[in-house]
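Data block for model-v3.cif (mmCIF, C-alpha atoms):
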```
data_protein
#
loop_
_atom_site.group_PDB
_atom_site.id
_atom_site.type_symbol
_atom_site.label_atom_id
_atom_site.label_comp_id
_atom_site.auth_asym_id
_atom_site.auth_seq_id
_atom_site.Cartn_x
_atom_site.Cartn_y
_atom_site.Cartn_z
ATOM 1 C CA MET A 1 -15.981 -12.207 -1.686
ATOM 2 C CA THR A 2 -12.789 -12.699 -3.653
ATOM 3 C CA GLY A 3 -12.021 -9.903 -6.078
ATOM 4 C CA SER A 4 -15.311 -8.133 -5.456
ATOM 5 C CA VAL A 5 -15.770 -4.508 -6.465
ATOM 6 C CA SER A 6 -17.646 -1.825 -4.588
ATOM 7 C CA SER A 7 -21.175 -0.992 -5.602
ATOM 8 C CA GLY A 8 -20.088 2.444 -6.807
ATOM 9 C CA GLU A 9 -17.943 1.018 -9.613
ATOM 10 C CA SER A 10 -20.730 0.565 -12.143
ATOM 11 C CA ALA A 11 -21.591 4.278 -11.926
ATOM 12 C CA ARG A 12 -18.097 5.318 -13.038
ATOM 13 C CA GLN A 13 -17.752 5.786 -16.777
ATOM 14 C CA ALA A 14 -14.197 7.044 -16.965
ATOM 15 C CA GLU A 15 -11.073 6.307 -15.042
ATOM 16 C CA PRO A 16 -10.663 9.028 -12.409
ATOM 17 C CA ALA A 17 -7.529 11.108 -12.485
ATOM 18 C CA ASP A 18 -6.491 10.283 -8.949
ATOM 19 C CA PRO A 19 -3.230 11.595 -7.537
ATOM 20 C CA SER A 20 -3.227 8.751 -5.015
ATOM 21 C CA ALA A 21 -2.650 6.192 -7.776
ATOM 22 C CA PRO A 22 0.966 5.006 -7.719
ATOM 23 C CA THR A 23 1.879 6.251 -11.182
ATOM 24 C CA PRO A 24 5.491 6.146 -12.367
ATOM 25 C CA ASP A 25 5.581 9.961 -12.709
ATOM 26 C CA LEU A 26 4.473 10.511 -9.119
ATOM 27 C CA VAL A 27 6.974 8.008 -7.801
ATOM 28 C CA ALA A 28 9.750 9.606 -9.805
ATOM 29 C CA ALA A 29 8.781 13.066 -8.603
ATOM 30 C CA ASN A 30 8.593 12.285 -4.919
ATOM 31 C CA GLU A 31 10.885 9.375 -4.198
ATOM 32 C CA SER A 32 14.252 7.964 -5.007
ATOM 33 C CA PRO A 33 14.348 4.995 -7.415
ATOM 34 C CA SER A 34 14.639 2.633 -4.465
ATOM 35 C CA HIS A 35 11.459 3.978 -2.870
ATOM 36 C CA GLY A 36 9.655 1.353 -0.881
ATOM 37 C CA SER A 37 11.896 -1.382 -2.137
ATOM 38 C CA THR A 38 15.125 -3.186 -1.433
ATOM 39 C CA GLU A 39 17.960 -3.440 -3.892
ATOM 40 C CA GLY A 40 18.514 -7.002 -2.766
ATOM 41 C CA VAL A 41 18.551 -9.370 0.152
ATOM 42 C CA GLY A 42 22.305 -9.405 0.574
ATOM 43 C CA GLU A 43 23.686 -12.924 0.463
ATOM 44 C CA ARG A 44 20.292 -14.407 1.287
ATOM 45 C CA ASP A 45 18.516 -16.567 -1.259
ATOM 46 C CA PRO A 46 15.221 -14.817 -2.113
ATOM 47 C CA LEU A 47 13.370 -18.129 -2.379
ATOM 48 C CA ALA A 48 14.667 -19.228 1.019
ATOM 49 C CA VAL A 49 13.498 -15.954 2.526
ATOM 50 C CA ALA A 50 10.157 -16.322 0.749
ATOM 51 C CA ALA A 51 9.740 -19.831 2.158
ATOM 52 C CA VAL A 52 10.071 -18.426 5.667
ATOM 53 C CA LEU A 53 7.704 -15.499 5.062
ATOM 54 C CA PHE A 54 5.006 -17.346 3.114
ATOM 55 C CA GLY A 55 5.238 -20.900 4.464
ATOM 56 C CA ASP A 56 2.778 -23.213 2.757
ATOM 57 C CA ARG A 57 1.664 -20.337 0.509
ATOM 58 C CA LEU A 58 5.052 -20.129 -1.192
ATOM 59 C CA GLU A 59 3.630 -21.630 -4.390
ATOM 60 C CA PHE A 60 1.020 -18.867 -4.560
ATOM 61 C CA ALA A 61 3.638 -16.209 -3.853
ATOM 62 C CA GLN A 62 5.684 -17.589 -6.763
ATOM 63 C CA ARG A 63 2.631 -17.347 -9.020
ATOM 64 C CA TYR A 64 2.177 -13.730 -7.981
ATOM 65 C CA VAL A 65 5.821 -12.963 -8.739
ATOM 66 C CA ASP A 66 5.450 -14.596 -12.157
ATOM 67 C CA MET A 67 2.371 -12.495 -12.943
ATOM 68 C CA LEU A 68 4.093 -9.299 -11.828
ATOM 69 C CA ALA A 69 7.060 -10.091 -14.074
ATOM 70 C CA ASP A 70 4.740 -10.860 -17.017
ATOM 71 C CA THR A 71 1.431 -9.001 -17.269
ATOM 72 C CA GLY A 72 2.426 -6.672 -14.449
ATOM 73 C CA VAL A 73 5.080 -5.276 -16.780
ATOM 74 C CA THR A 74 2.907 -5.193 -19.902
ATOM 75 C CA HIS A 75 0.159 -3.410 -17.936
ATOM 76 C CA GLY A 76 2.642 -0.809 -16.732
ATOM 77 C CA LEU A 77 2.311 -1.777 -13.075
ATOM 78 C CA ILE A 78 6.049 -2.266 -12.623
ATOM 79 C CA GLY A 79 8.903 -1.086 -14.792
ATOM 80 C CA PRO A 80 10.229 -3.155 -17.697
ATOM 81 C CA LYS A 81 13.602 -3.572 -15.949
ATOM 82 C CA GLU A 82 11.995 -4.888 -12.771
ATOM 83 C CA GLY A 83 10.911 -8.276 -14.091
ATOM 84 C CA ASP A 84 14.065 -10.103 -12.995
ATOM 85 C CA ARG A 85 14.101 -8.748 -9.458
ATOM 86 C CA VAL A 86 10.471 -8.804 -8.382
ATOM 87 C CA TRP A 87 11.151 -10.849 -5.248
ATOM 88 C CA GLN A 88 13.748 -8.447 -3.916
ATOM 89 C CA ARG A 89 12.345 -5.064 -4.925
ATOM 90 C CA HIS A 90 8.616 -5.609 -4.625
ATOM 91 C CA VAL A 91 7.399 -8.694 -2.791
ATOM 92 C CA LEU A 92 9.695 -9.604 0.092
ATOM 93 C CA ASN A 93 10.082 -6.054 1.364
ATOM 94 C CA CYS A 94 6.287 -5.694 1.378
ATOM 95 C CA ALA A 95 5.684 -9.038 3.065
ATOM 96 C CA VAL A 96 7.841 -8.089 6.064
ATOM 97 C CA LEU A 97 5.348 -5.310 6.842
ATOM 98 C CA ALA A 98 3.325 -8.127 8.407
ATOM 99 C CA GLU A 99 5.400 -7.877 11.574
ATOM 100 C CA LEU A 100 3.855 -4.439 12.244
ATOM 101 C CA VAL A 101 0.242 -5.604 11.871
ATOM 102 C CA GLU A 102 -1.704 -7.047 14.788
ATOM 103 C CA PRO A 103 -3.540 -10.395 14.455
ATOM 104 C CA GLY A 104 -6.923 -10.299 12.751
ATOM 105 C CA ALA A 105 -6.577 -6.683 11.665
ATOM 106 C CA ARG A 106 -8.666 -5.127 8.923
ATOM 107 C CA VAL A 107 -6.193 -3.631 6.447
ATOM 108 C CA LEU A 108 -6.980 -1.186 3.647
ATOM 109 C CA ASP A 109 -4.244 -0.919 1.009
ATOM 110 C CA MET A 110 -4.603 2.577 -0.433
ATOM 111 C CA GLY A 111 -3.644 3.176 -4.075
ATOM 112 C CA SER A 112 -2.878 -0.527 -4.347
ATOM 113 C CA GLY A 113 -1.722 -0.525 -7.980
ATOM 114 C CA ALA A 114 -0.057 -3.903 -8.462
ATOM 115 C CA GLY A 115 -1.360 -5.117 -5.098
ATOM 116 C CA LEU A 116 1.633 -3.879 -3.129
ATOM 117 C CA PRO A 117 1.825 -4.304 -0.222
ATOM 118 C CA GLY A 118 -1.691 -5.759 0.105
ATOM 119 C CA ILE A 119 -1.228 -9.046 -1.768
ATOM 120 C CA PRO A 120 2.086 -10.013 -0.109
ATOM 121 C CA LEU A 121 0.439 -9.251 3.247
ATOM 122 C CA ALA A 122 -2.533 -11.449 2.374
ATOM 123 C CA LEU A 123 -0.211 -14.295 1.380
ATOM 124 C CA ALA A 124 1.956 -13.985 4.482
ATOM 125 C CA ARG A 125 -0.902 -13.370 6.922
ATOM 126 C CA PRO A 126 -4.126 -15.260 6.119
ATOM 127 C CA ASP A 127 -5.603 -13.994 9.409
ATOM 128 C CA LEU A 128 -5.868 -10.457 8.019
ATOM 129 C CA GLU A 129 -8.926 -8.966 6.306
ATOM 130 C CA ILE A 130 -7.489 -7.105 3.321
ATOM 131 C CA VAL A 131 -9.116 -4.547 1.040
ATOM 132 C CA LEU A 132 -7.293 -3.228 -2.030
ATOM 133 C CA LEU A 133 -8.361 0.320 -2.931
ATOM 134 C CA GLU A 134 -7.489 1.320 -6.485
ATOM 135 C CA PRO A 135 -9.079 4.034 -8.675
ATOM 136 C CA LEU A 136 -8.091 2.872 -12.162
ATOM 137 C CA ALA A 137 -10.299 0.330 -13.904
ATOM 138 C CA ARG A 138 -7.500 -1.428 -15.797
ATOM 139 C CA ARG A 139 -5.627 -1.997 -12.530
ATOM 140 C CA VAL A 140 -8.759 -3.214 -10.787
ATOM 141 C CA ASP A 141 -9.284 -5.726 -13.601
ATOM 142 C CA TRP A 142 -5.674 -6.939 -13.296
ATOM 143 C CA LEU A 143 -5.973 -7.281 -9.523
ATOM 144 C CA ARG A 144 -9.181 -9.295 -9.855
ATOM 145 C CA THR A 145 -7.471 -11.662 -12.295
ATOM 146 C CA VAL A 146 -4.504 -12.120 -9.969
ATOM 147 C CA LEU A 147 -6.659 -12.706 -6.905
ATOM 148 C CA GLY A 148 -8.677 -15.302 -8.800
ATOM 149 C CA GLU A 149 -5.473 -17.131 -9.719
ATOM 150 C CA LEU A 150 -4.207 -16.997 -6.147
ATOM 151 C CA GLU A 151 -7.568 -17.931 -4.620
ATOM 152 C CA LEU A 152 -7.234 -15.123 -2.090
ATOM 153 C CA PRO A 153 -10.297 -13.836 -0.180
ATOM 154 C CA VAL A 154 -9.350 -10.209 -0.745
ATOM 155 C CA ASN A 155 -11.757 -7.414 -1.704
ATOM 156 C CA VAL A 156 -10.929 -5.038 -4.542
ATOM 157 C CA VAL A 157 -12.662 -1.666 -4.397
ATOM 158 C CA ARG A 158 -12.511 0.781 -7.254
ATOM 159 C CA GLY A 159 -12.384 4.266 -5.841
ATOM 160 C CA ARG A 160 -10.322 7.021 -4.328
ATOM 161 C CA ALA A 161 -9.485 7.396 -0.659
ATOM 162 C CA GLU A 162 -11.278 10.742 -0.483
ATOM 163 C CA ASP A 163 -14.541 9.459 -2.005
ATOM 164 C CA ALA A 164 -17.456 9.767 0.421
ATOM 165 C CA MET A 165 -18.741 6.315 -0.546
ATOM 166 C CA VAL A 166 -15.326 4.749 0.104
ATOM 167 C CA ARG A 167 -15.095 6.403 3.512
ATOM 168 C CA LYS A 168 -18.621 5.334 4.405
ATOM 169 C CA GLN A 169 -18.306 1.698 3.308
ATOM 170 C CA TRP A 170 -14.656 0.984 4.025
ATOM 171 C CA GLY A 171 -13.655 3.420 6.766
ATOM 172 C CA GLY A 172 -12.837 2.290 10.271
ATOM 173 C CA ALA A 173 -9.845 0.176 9.239
ATOM 174 C CA ASP A 174 -7.320 -0.957 11.813
ATOM 175 C CA VAL A 175 -4.454 -0.326 9.400
ATOM 176 C CA VAL A 176 -4.084 1.654 6.184
ATOM 177 C CA THR A 177 -1.055 0.790 4.074
ATOM 178 C CA ALA A 178 0.523 2.693 1.208
ATOM 179 C CA ARG A 179 3.566 2.291 -1.014
ATOM 180 C CA ALA A 180 4.772 4.742 -3.672
ATOM 181 C CA VAL A 181 1.584 6.786 -3.424
ATOM 182 C CA ALA A 182 2.310 10.365 -2.294
ATOM 183 C CA PRO A 183 4.287 12.562 0.111
ATOM 184 C CA LEU A 184 3.457 12.007 3.768
ATOM 185 C CA ALA A 185 1.267 15.074 4.352
ATOM 186 C CA ARG A 186 -1.004 14.330 1.408
ATOM 187 C CA LEU A 187 -1.007 10.641 2.272
ATOM 188 C CA SER A 188 -2.171 11.429 5.817
ATOM 189 C CA GLY A 189 -4.993 13.619 4.518
ATOM 190 C CA TRP A 190 -6.275 10.698 2.456
ATOM 191 C CA GLY A 191 -5.496 7.799 4.777
ATOM 192 C CA LEU A 192 -6.242 8.951 8.320
ATOM 193 C CA PRO A 193 -10.014 9.407 7.714
ATOM 194 C CA LEU A 194 -10.162 5.733 6.675
ATOM 195 C CA LEU A 195 -8.873 4.593 10.070
ATOM 196 C CA ARG A 196 -10.671 3.985 13.334
ATOM 197 C CA PRO A 197 -9.384 6.102 16.236
ATOM 198 C CA GLY A 198 -6.197 4.371 17.339
ATOM 199 C CA GLY A 199 -5.691 2.798 13.909
ATOM 200 C CA ARG A 200 -2.375 3.235 12.154
ATOM 201 C CA LEU A 201 -1.153 4.406 8.782
ATOM 202 C CA LEU A 202 1.861 2.353 7.632
ATOM 203 C CA ALA A 203 3.590 4.053 4.711
ATOM 204 C CA ILE A 204 6.490 2.222 3.073
ATOM 205 C CA LYS A 205 9.082 4.851 2.242
ATOM 206 C CA GLY A 206 12.624 5.164 0.985
ATOM 207 C CA ALA A 207 15.656 7.224 1.912
ATOM 208 C CA SER A 208 13.615 10.421 2.251
ATOM 209 C CA ALA A 209 11.482 9.084 5.108
ATOM 210 C CA THR A 210 13.138 11.025 7.924
ATOM 211 C CA ASP A 211 13.089 14.257 5.922
ATOM 212 C CA GLU A 212 9.387 13.771 5.177
ATOM 213 C CA VAL A 213 8.618 13.186 8.849
ATOM 214 C CA ILE A 214 10.355 16.423 9.824
ATOM 215 C CA ARG A 215 8.815 18.416 6.984
ATOM 216 C CA ASP A 216 5.235 17.124 7.315
ATOM 217 C CA ARG A 217 4.880 16.583 11.082
ATOM 218 C CA ASP A 218 2.611 19.605 11.632
ATOM 219 C CA ALA A 219 0.412 18.794 8.640
ATOM 220 C CA VAL A 220 -0.020 15.199 9.840
ATOM 221 C CA ARG A 221 -1.099 16.403 13.279
ATOM 222 C CA GLY A 222 -3.534 18.775 11.610
ATOM 223 C CA PHE A 223 -5.212 15.821 9.945
ATOM 224 C CA GLY A 224 -5.715 14.139 13.314
ATOM 225 C CA GLY A 225 -2.575 12.012 13.401
ATOM 226 C CA SER A 226 0.109 11.432 15.977
ATOM 227 C CA ALA A 227 3.641 12.668 15.463
ATOM 228 C CA PRO A 228 4.911 10.420 12.629
ATOM 229 C CA HIS A 229 7.912 8.237 13.294
ATOM 230 C CA VAL A 230 10.156 5.968 11.238
ATOM 231 C CA VAL A 231 10.638 2.274 11.960
ATOM 232 C CA GLN A 232 12.607 -0.446 10.217
ATOM 233 C CA CYS A 233 11.116 -3.898 9.756
ATOM 234 C CA GLY A 234 12.181 -7.211 8.253
ATOM 235 C CA GLY A 235 15.846 -6.829 9.146
ATOM 236 C CA THR A 236 16.248 -10.574 9.648
ATOM 237 C CA HIS A 237 14.880 -11.242 6.154
ATOM 238 C CA VAL A 238 15.696 -8.345 3.807
ATOM 239 C CA ASP A 239 18.761 -6.176 3.453
ATOM 240 C CA PRO A 240 18.347 -3.273 3.758
ATOM 241 C CA PRO A 241 15.309 -3.450 6.058
ATOM 242 C CA THR A 242 12.021 -1.952 4.903
ATOM 243 C CA THR A 243 11.549 1.659 6.016
ATOM 244 C CA VAL A 244 8.058 2.478 7.261
ATOM 245 C CA VAL A 245 6.561 5.742 8.493
ATOM 246 C CA VAL A 246 3.959 5.083 11.191
ATOM 247 C CA VAL A 247 1.145 7.499 12.055
ATOM 248 C CA GLU A 248 -1.627 6.752 14.543
ATOM 249 C CA ARG A 249 -5.036 8.333 14.177
ATOM 250 C CA THR A 250 -5.462 10.173 17.472
ATOM 251 C CA ALA A 251 -8.431 12.428 16.674
ATOM 252 C CA THR A 252 -11.985 11.305 15.956
ATOM 253 C CA ARG A 253 -12.232 13.758 13.091
ATOM 254 C CA GLY A 254 -9.660 15.306 10.775
ATOM 255 C CA GLY A 255 -11.744 18.241 9.566
ATOM 256 C CA THR A 256 -10.225 20.865 11.834
ATOM 257 C CA ARG A 257 -9.200 24.304 10.633
ATOM 258 C CA ASP A 258 -5.554 23.224 10.789
ATOM 259 C CA ALA A 259 -6.345 20.171 8.694
ATOM 260 C CA ARG A 260 -8.104 22.257 6.059
ATOM 261 C CA ARG A 261 -5.159 24.634 5.910
ATOM 262 C CA ALA A 262 -2.739 21.726 5.605
ATOM 263 C CA ARG A 263 -4.865 20.202 2.887
ATOM 264 C CA GLY A 264 -4.784 23.468 0.975
ATOM 265 C CA ARG A 265 -1.005 23.732 1.229
ATOM 266 C CA GLN A 266 -0.607 20.197 -0.129
ATOM 267 C CA GLY A 267 -3.218 20.487 -2.888
#
```

Kindly present the structure from the file in structure tokens form.
Amino acid sequence: MTGSVSSGESARQAEPADPSAPTPDLVAANESPSHGSTEGVGERDPLAVAAVLFGDRLEFAQRYVDMLADTGVTHGLIGPKEGDRVWQRHVLNCAVLAELVEPGARVLDMGSGAGLPGIPLALARPDLEIVLLEPLARRVDWLRTVLGELELPVNVVRGRAEDAMVRKQWGGADVVTARAVAPLARLSGWGLPLLRPGGRLLAIKGASATDEVIRDRDAVRGFGGSAPHVVQCGGTHVDPPTTVVVVERTATRGGTRDARRARGRQG
């Protein structure tokens, strides 16, 4: 059901203070300003690139860009200086993530915020089943409005990745995505339990990706993940390419002693 909200939403009276929400302070604290984004597409025309990535959904992608540049700014979902470069810094570099996602996959976009990368993925890949997970009510409301305008069959769930109800109802995803959410170790502790064994966490990162992989490798393994590795995608469309850290869920459970210790270190 388009823009539907999980059954647990009505029981929530206040917006949860969730560190997985992609707040500006968290992004500033953990990433460079270019985190999860491209400064440009070189000499390439953004609309020409968008036409290739979105095909007959280009009109809907343009509507999404317009909403990001308008109410997305006034709602604090993107910065006030980002309005003129939404294609380059937010939409195209998220859409190219589609090349890492298998056909027909069930994708959970964790800490979705402005719908990034979930909405560009839904526009570029109508074969995917996409769920946007977002804890803040005002963002959920904005996402529902956008999805109604775009006529996208995407679910919006209000909740946090670590909520038992979220894990019960929405766990077992093929892919969990995240952009500008948290450092890799903490991200793995939240995201890996939402995956089926063999599913993959795809975290869009910036220049610090390799350092994070080295620093957090042991913690990620403790949560039941494979050794994280960095890949580049979208090189034929965006310049620079989008940097993604990939982690596969290798263990059935992530509640090992090592995982608990890692969780405590990152808390």

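Coordinates place atom CA of Ala178 of chain A at a distance of 12.9 Å from atom CA of Thr242 of chain A.
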
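You will find atom CA of Gly159 of chain A at 6.3 Å from atom CA of Leu133 of chain A.
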
- Compare A:Gly222, A:Pro120, A:Gly206, A:Gly111 by their minimum atom-to-atom distance to Gln62 of chain A, counting all atoms listed in the file, and give me the closest one. A:Pro120

- Task: Would you write out, as a list in words, every residue that the PyMOL selection byres ((chain A and resi 177) around 8) captures in this file?
- Result: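 So the PyMOL selection byres ((chain A and resi 177) around 8), applied here, picks out Val107, Leu108, Asp109, Met110, Pro117, Gly118, Val175, Val176, Ala178, Arg179, Leu201, Leu202, Ala203 and Ile204 of chain A.
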
- Item | Which residue of A:Val146, A:Ile119, A:Ala98, A:Ala69 approaches Asp84 of chain A most closely, using only C-alpha atoms |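 Looking only at the distances to Asp84 of chain A, the closest residue turns out to be A:Ala69.
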
Apply the PyMOL selection byres ((chain A and resi 131) around 12) to the structure shown and report the selected residues as a compact mmCIF listing (two decimals) with C-alpha atoms, in the frame of the given file.
```txt
# COMPACT_ATOMS: atom_id res chain seq x y z
CA MET A 1 -15.98 -12.21 -1.69
CA THR A 2 -12.79 -12.70 -3.65
CA GLY A 3 -12.02 -9.90 -6.08
CA SER A 4 -15.31 -8.13 -5.46
CA VAL A 5 -15.77 -4.51 -6.46
CA SER A 6 -17.65 -1.82 -4.59
CA ALA A 105 -6.58 -6.68 11.66
CA ARG A 106 -8.67 -5.13 8.92
CA VAL A 107 -6.19 -3.63 6.45
CA LEU A 108 -6.98 -1.19 3.65
CA ASP A 109 -4.24 -0.92 1.01
CA MET A 110 -4.60 2.58 -0.43
CA GLY A 111 -3.64 3.18 -4.08
CA SER A 112 -2.88 -0.53 -4.35
CA GLY A 115 -1.36 -5.12 -5.10
CA LEU A 116 1.63 -3.88 -3.13
CA PRO A 117 1.82 -4.30 -0.22
CA GLY A 118 -1.69 -5.76 0.10
CA ILE A 119 -1.23 -9.05 -1.77
CA LEU A 121 0.44 -9.25 3.25
CA ALA A 122 -2.53 -11.45 2.37
CA LEU A 128 -5.87 -10.46 8.02
CA GLU A 129 -8.93 -8.97 6.31
CA ILE A 130 -7.49 -7.10 3.32
CA LEU A 132 -7.29 -3.23 -2.03
CA LEU A 133 -8.36 0.32 -2.93
CA GLU A 134 -7.49 1.32 -6.48
CA VAL A 140 -8.76 -3.21 -10.79
CA LEU A 143 -5.97 -7.28 -9.52
CA ARG A 144 -9.18 -9.30 -9.86
CA LEU A 147 -6.66 -12.71 -6.90
CA LEU A 152 -7.23 -15.12 -2.09
CA PRO A 153 -10.30 -13.84 -0.18
CA VAL A 154 -9.35 -10.21 -0.74
CA ASN A 155 -11.76 -7.41 -1.70
CA VAL A 156 -10.93 -5.04 -4.54
CA VAL A 157 -12.66 -1.67 -4.40
CA ARG A 158 -12.51 0.78 -7.25
CA GLY A 159 -12.38 4.27 -5.84
CA VAL A 166 -15.33 4.75 0.10
CA GLN A 169 -18.31 1.70 3.31
CA TRP A 170 -14.66 0.98 4.03
CA GLY A 171 -13.66 3.42 6.77
CA ALA A 173 -9.85 0.18 9.24
CA ASP A 174 -7.32 -0.96 11.81
CA VAL A 175 -4.45 -0.33 9.40
CA VAL A 176 -4.08 1.65 6.18
CA THR A 177 -1.06 0.79 4.07
CA LEU A 194 -10.16 5.73 6.68
```

- Which one of A:Ala164, A:Leu92, A:Met67, A:Ala180 sits closest to Arg44 of chain A if you count only C-alpha atoms?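 For Arg44 of chain A, the nearest of the given residues is A:Leu92.
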
- Query: Do you know which residues are at most 7 Å from segment 210-216 of chain A counting all atoms listed in the file, after dropping those on the same chain fewer than 5 positions away, and could you put them as a count of residues only?
  - Reply: 5

Listed atoms of segment 133-140 of chain A, axis-aligned box, 3 Å per side: centre and edge lengths to one decimal in Å, as lines of an AutoDock Vina configuration file?
```
center_x = -8.0
center_y = 0.4
center_z = -9.4
size_x = 10.7
size_y = 13.2
size_z = 18.9
```

Residues near segment 86-88 of chain A, anyone? I mean within 12 Å using only C-alpha atoms, not counting same-chain ones fewer than 3 positions away, as a CSV table (one decimal) with C-alpha atoms, in the frame of the given file.
```csv
chain,number,residue,atom,x,y,z
A,34,SER,CA,14.6,2.6,-4.5
A,36,GLY,CA,9.7,1.4,-0.9
A,37,SER,CA,11.9,-1.4,-2.1
A,38,THR,CA,15.1,-3.2,-1.4
A,39,GLU,CA,18.0,-3.4,-3.9
A,40,GLY,CA,18.5,-7.0,-2.8
A,41,VAL,CA,18.6,-9.4,0.2
A,42,GLY,CA,22.3,-9.4,0.6
A,43,GLU,CA,23.7,-12.9,0.5
A,44,ARG,CA,20.3,-14.4,1.3
A,45,ASP,CA,18.5,-16.6,-1.3
A,46,PRO,CA,15.2,-14.8,-2.1
A,47,LEU,CA,13.4,-18.1,-2.4
A,48,ALA,CA,14.7,-19.2,1.0
A,49,VAL,CA,13.5,-16.0,2.5
A,50,ALA,CA,10.2,-16.3,0.7
A,51,ALA,CA,9.7,-19.8,2.2
A,53,LEU,CA,7.7,-15.5,5.1
A,58,LEU,CA,5.1,-20.1,-1.2
A,61,ALA,CA,3.6,-16.2,-3.9
A,62,GLN,CA,5.7,-17.6,-6.8
A,63,ARG,CA,2.6,-17.3,-9.0
A,64,TYR,CA,2.2,-13.7,-8.0
A,65,VAL,CA,5.8,-13.0,-8.7
A,66,ASP,CA,5.4,-14.6,-12.2
A,67,MET,CA,2.4,-12.5,-12.9
A,68,LEU,CA,4.1,-9.3,-11.8
A,69,ALA,CA,7.1,-10.1,-14.1
A,70,ASP,CA,4.7,-10.9,-17.0
A,72,GLY,CA,2.4,-6.7,-14.4
A,73,VAL,CA,5.1,-5.3,-16.8
A,77,LEU,CA,2.3,-1.8,-13.1
A,78,ILE,CA,6.0,-2.3,-12.6
A,79,GLY,CA,8.9,-1.1,-14.8
A,80,PRO,CA,10.2,-3.2,-17.7
A,81,LYS,CA,13.6,-3.6,-15.9
A,82,GLU,CA,12.0,-4.9,-12.8
A,83,GLY,CA,10.9,-8.3,-14.1
A,91,VAL,CA,7.4,-8.7,-2.8
A,92,LEU,CA,9.7,-9.6,0.1
A,93,ASN,CA,10.1,-6.1,1.4
A,94,CYS,CA,6.3,-5.7,1.4
A,95,ALA,CA,5.7,-9.0,3.1
A,96,VAL,CA,7.8,-8.1,6.1
A,114,ALA,CA,-0.1,-3.9,-8.5
A,116,LEU,CA,1.6,-3.9,-3.1
A,120,PRO,CA,2.1,-10.0,-0.1
A,237,HIS,CA,14.9,-11.2,6.2
A,238,VAL,CA,15.7,-8.3,3.8
A,239,ASP,CA,18.8,-6.2,3.5
A,240,PRO,CA,18.3,-3.3,3.8
A,241,PRO,CA,15.3,-3.4,6.1
A,242,THR,CA,12.0,-2.0,4.9
```

- Write out as a list in words which residues come within 9 Å of Ala227 of chain A when counting only C-alpha atoms, dropping same-chain ones fewer than 6 positions away.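 Surrounding residues, per the criterion: Val213, Arg217, Asp218, Val220, Arg221, Val246, Val247 and Glu248 of chain A.
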